[in-house]
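Peer 1: Got a structure for you, written out below as structure tokens; questions coming shortly.
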Amino acid sequence: MLSNADAWFKDADKEVDILKQSVKETIWGNADGERGEVDISSFIERVDKDYKKLKEDIRGSFNA
């Protein structure tokens, strides 16, 4: 079952990278024509941290 989890992680790693890339390109605009970028670095760090913890927890459940 650990090999199944590792295979799933390979796919999930790609999806997490796609998610992070998608949100990096977040731009806002308003009715006055002002535009800007949203600083989402803390969100990306949180995604990385939570995903790493998920992987550790799942792998740990197989080693217990």
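Identifiers in the structure tokens: chain A, B, ... in order shown; residue index from 1 per chain; ligand index from 1 in order shown.
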Could you pull the residues within 9 Å of Val47 of chain A, counting only C-alpha atoms, minus those fewer than 4 positions along the same chain, as a PyMOL selection string?
Peer 2: chain A and resi 16+20+42-43+51-52
Peer 1: When you draw a straight line from atom CA of Asn4 of chain A to atom CA of Leu19 of chain A, how long is it in Å?
Peer 2: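 If I compute the distance from atom CA of Asn4 of chain A to atom CA of Leu19 of chain A, I get 22.5 Å.
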Peer 1: What does the distance from atom CA of Ile58 of chain A to atom CA of Asp17 of chain A come to in Å, to one decimal?
Peer 2: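 Separation between atom CA of Ile58 of chain A and atom CA of Asp17 of chain A: 19.4 Å.
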Peer 1: Give the strand (DSSP E or B) residues of chain A, as DSSP finds them on the backbone, and put them as a count of residues only.
Peer 2: 6
Peer 1: Taking the DSSP secondary structure from the backbone, can you list the residues of chain A that are alpha helix (DSSP H), as a ChimeraX atom specification?
Peer 2: /A:2-24,41-63
Peer 1: Smallest atom-to-atom distance to Asp48 of chain A: which of A:Ile27, A:Leu2, A:Asp13, A:Ala7, using only C-alpha atoms?
Peer 2: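 Ranking A:Ile27, A:Leu2, A:Asp13, A:Ala7 by distance to Asp48 of chain A, first place goes to A:Asp13.
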